[in-house]
Amino acid sequence: MRDLTEEQNQKLIDAAVAARQQAYAPYSKFSVGAAVLAENGQIFIGCNVENASYGLTNCAERTAIFAAVAAGQTRFLAMAVATEGGYSPCGACRQVLAEFCDDLPILIVDTRSDRQVEQVSLAELLPRRFRRD
Ligand code: THU
């Protein structure tokens, strides 16, 4: 797991912050943006998409990963997640990330400053993940 350059970091953070503007969150009113950098250099974005049937809600992180996979990218270098408060990905998203990544740097961004507040790793967030070999 290699750290990104400062420029790559900032691009990913900016993409997550911008993606958050597209959040469809009329129920929770909690907007989340995510951006994932694929190994081929492309950035894929996602936002949370809620539903009147609450359980159908899709988180920003999974939206971004699914967009990447739909475009043929399954290998990732880093993800940024933007929330007001700097929250880290939920358990379901961690497991989806683990499907594609042994480990992944995750930049946690607080939109109150538009800055990265923390860098965590998927391995640290989801130790002993479920995996069938
Ligand atoms: N949410 C995400 O988009 N990502 C997470 O990792 C946690 C939660 C969304 C789901 C829902 O639309 C809102 O945040 C409140 O839970």
# chains A, B, ... in the order shown; residues from 1 in each chain; ligands from 1
>>> select_by_dssp(residues="chain A", states="strand (DSSP E)", output="ChimeraX atom specification")
/A:33-38,43-47,76-83,105-110,115-121
>>> select_by_dssp(residues="region 10-120 of chain A", states="alpha helix (DSSP H)", output="PyMOL selection string")
chain A and resi 10-20+60-70+91-100
>>> residues_around(residues="Asn40 (chain A)", least_positions_apart="5", cutoff="9 Å", atoms="only C-alpha atoms", output="VMD selection string")
chain A and resid 73 75 to 76
>>> residues_around(residues="region 1-14 of chain A", least_positions_apart="6", cutoff="8 Å", atoms="only C-alpha atoms", output="count of residues only")
18
>>> atom_distance(atom1="CA of Phe30 (chain A)", atom2="CA of Tyr54 (chain A)")
13.4 Å
>>> residues_near_ligand(ligand="ligand 1", cutoff="8 Å", atoms="only C-alpha atoms and all ligand atoms", output="PyMOL selection string")
chain A and resi 24-25+27-33+47-50+57-62+87-93
>>> decode(residues="region 20-44 of chain A", atoms="N, CA and C atoms", output="PDB file, in the first residue's frame")
ATOM      1  N   ARG A  20     -20.267  14.902  -3.063  1.00  0.00           N
ATOM      2  CA  ARG A  20     -21.218  15.053  -1.943  1.00  0.00           C
ATOM      3  C   ARG A  20     -22.361  16.002  -2.309  1.00  0.00           C
ATOM      4  N   GLN A  21     -22.091  16.921  -3.190  1.00  0.00           N
ATOM      5  CA  GLN A  21     -23.139  17.867  -3.614  1.00  0.00           C
ATOM      6  C   GLN A  21     -24.282  17.149  -4.329  1.00  0.00           C
ATOM      7  N   GLN A  22     -24.011  15.969  -4.864  1.00  0.00           N
ATOM      8  CA  GLN A  22     -25.038  15.224  -5.613  1.00  0.00           C
ATOM      9  C   GLN A  22     -25.835  14.285  -4.711  1.00  0.00           C
ATOM     10  N   ALA A  23     -25.492  14.247  -3.425  1.00  0.00           N
ATOM     11  CA  ALA A  23     -26.176  13.299  -2.525  1.00  0.00           C
ATOM     12  C   ALA A  23     -27.686  13.471  -2.600  1.00  0.00           C
ATOM     13  N   TYR A  24     -28.360  12.341  -2.608  1.00  0.00           N
ATOM     14  CA  TYR A  24     -29.820  12.360  -2.544  1.00  0.00           C
ATOM     15  C   TYR A  24     -30.173  11.833  -1.157  1.00  0.00           C
ATOM     16  N   ALA A  25     -30.365  12.756  -0.226  1.00  0.00           N
ATOM     17  CA  ALA A  25     -30.538  12.362   1.178  1.00  0.00           C
ATOM     18  C   ALA A  25     -31.684  13.134   1.834  1.00  0.00           C
ATOM     19  N   PRO A  26     -32.901  13.027   1.245  1.00  0.00           N
ATOM     20  CA  PRO A  26     -34.023  13.804   1.792  1.00  0.00           C
ATOM     21  C   PRO A  26     -34.489  13.300   3.156  1.00  0.00           C
ATOM     22  N   TYR A  27     -34.122  12.061   3.517  1.00  0.00           N
ATOM     23  CA  TYR A  27     -34.621  11.477   4.771  1.00  0.00           C
ATOM     24  C   TYR A  27     -33.662  11.754   5.918  1.00  0.00           C
ATOM     25  N   SER A  28     -32.410  11.407   5.741  1.00  0.00           N
ATOM     26  CA  SER A  28     -31.446  11.631   6.827  1.00  0.00           C
ATOM     27  C   SER A  28     -30.883  13.048   6.811  1.00  0.00           C
ATOM     28  N   LYS A  29     -30.931  13.673   5.650  1.00  0.00           N
ATOM     29  CA  LYS A  29     -30.303  14.993   5.453  1.00  0.00           C
ATOM     30  C   LYS A  29     -28.804  14.950   5.787  1.00  0.00           C
ATOM     31  N   PHE A  30     -28.211  13.773   5.618  1.00  0.00           N
ATOM     32  CA  PHE A  30     -26.776  13.600   5.860  1.00  0.00           C
ATOM     33  C   PHE A  30     -26.129  13.250   4.526  1.00  0.00           C
ATOM     34  N   SER A  31     -25.428  14.194   3.967  1.00  0.00           N
ATOM     35  CA  SER A  31     -24.840  14.003   2.637  1.00  0.00           C
ATOM     36  C   SER A  31     -23.435  13.429   2.739  1.00  0.00           C
ATOM     37  N   VAL A  32     -23.166  12.457   1.873  1.00  0.00           N
ATOM     38  CA  VAL A  32     -21.844  11.814   1.851  1.00  0.00           C
ATOM     39  C   VAL A  32     -21.340  11.794   0.413  1.00  0.00           C
ATOM     40  N   GLY A  33     -20.057  12.081   0.251  1.00  0.00           N
ATOM     41  CA  GLY A  33     -19.419  11.984  -1.065  1.00  0.00           C
ATOM     42  C   GLY A  33     -18.220  11.060  -0.967  1.00  0.00           C
ATOM     43  N   ALA A  34     -17.987  10.307  -2.018  1.00  0.00           N
ATOM     44  CA  ALA A  34     -16.821   9.414  -2.031  1.00  0.00           C
ATOM     45  C   ALA A  34     -16.163   9.484  -3.398  1.00  0.00           C
ATOM     46  N   ALA A  35     -14.867   9.239  -3.412  1.00  0.00           N
ATOM     47  CA  ALA A  35     -14.141   9.165  -4.676  1.00  0.00           C
ATOM     48  C   ALA A  35     -13.087   8.077  -4.525  1.00  0.00           C
ATOM     49  N   VAL A  36     -12.988   7.246  -5.554  1.00  0.00           N
ATOM     50  CA  VAL A  36     -12.013   6.164  -5.493  1.00  0.00           C
ATOM     51  C   VAL A  36     -11.082   6.278  -6.705  1.00  0.00           C
ATOM     52  N   LEU A  37      -9.786   6.138  -6.439  1.00  0.00           N
ATOM     53  CA  LEU A  37      -8.785   6.195  -7.508  1.00  0.00           C
ATOM     54  C   LEU A  37      -8.482   4.774  -7.967  1.00  0.00           C
ATOM     55  N   ALA A  38      -8.784   4.518  -9.235  1.00  0.00           N
ATOM     56  CA  ALA A  38      -8.528   3.183  -9.782  1.00  0.00           C
ATOM     57  C   ALA A  38      -7.075   3.097 -10.234  1.00  0.00           C
ATOM     58  N   GLU A  39      -6.604   1.862 -10.362  1.00  0.00           N
ATOM     59  CA  GLU A  39      -5.195   1.635 -10.721  1.00  0.00           C
ATOM     60  C   GLU A  39      -4.836   2.247 -12.073  1.00  0.00           C
ATOM     61  N   ASN A  40      -5.829   2.398 -12.945  1.00  0.00           N
ATOM     62  CA  ASN A  40      -5.552   2.982 -14.271  1.00  0.00           C
ATOM     63  C   ASN A  40      -5.532   4.510 -14.237  1.00  0.00           C
ATOM     64  N   GLY A  41      -5.679   5.103 -13.036  1.00  0.00           N
ATOM     65  CA  GLY A  41      -5.577   6.556 -12.903  1.00  0.00           C
ATOM     66  C   GLY A  41      -6.918   7.276 -12.910  1.00  0.00           C
ATOM     67  N   GLN A  42      -7.968   6.552 -13.252  1.00  0.00           N
ATOM     68  CA  GLN A  42      -9.288   7.193 -13.273  1.00  0.00           C
ATOM     69  C   GLN A  42      -9.840   7.340 -11.864  1.00  0.00           C
ATOM     70  N   ILE A  43     -10.600   8.412 -11.662  1.00  0.00           N
ATOM     71  CA  ILE A  43     -11.298   8.621 -10.396  1.00  0.00           C
ATOM     72  C   ILE A  43     -12.786   8.394 -10.629  1.00  0.00           C
ATOM     73  N   PHE A  44     -13.384   7.599  -9.769  1.00  0.00           N
ATOM     74  CA  PHE A  44     -14.831   7.358  -9.839  1.00  0.00           C
ATOM     75  C   PHE A  44     -15.462   7.938  -8.576  1.00  0.00           C
TER      76      PHE A  44
END
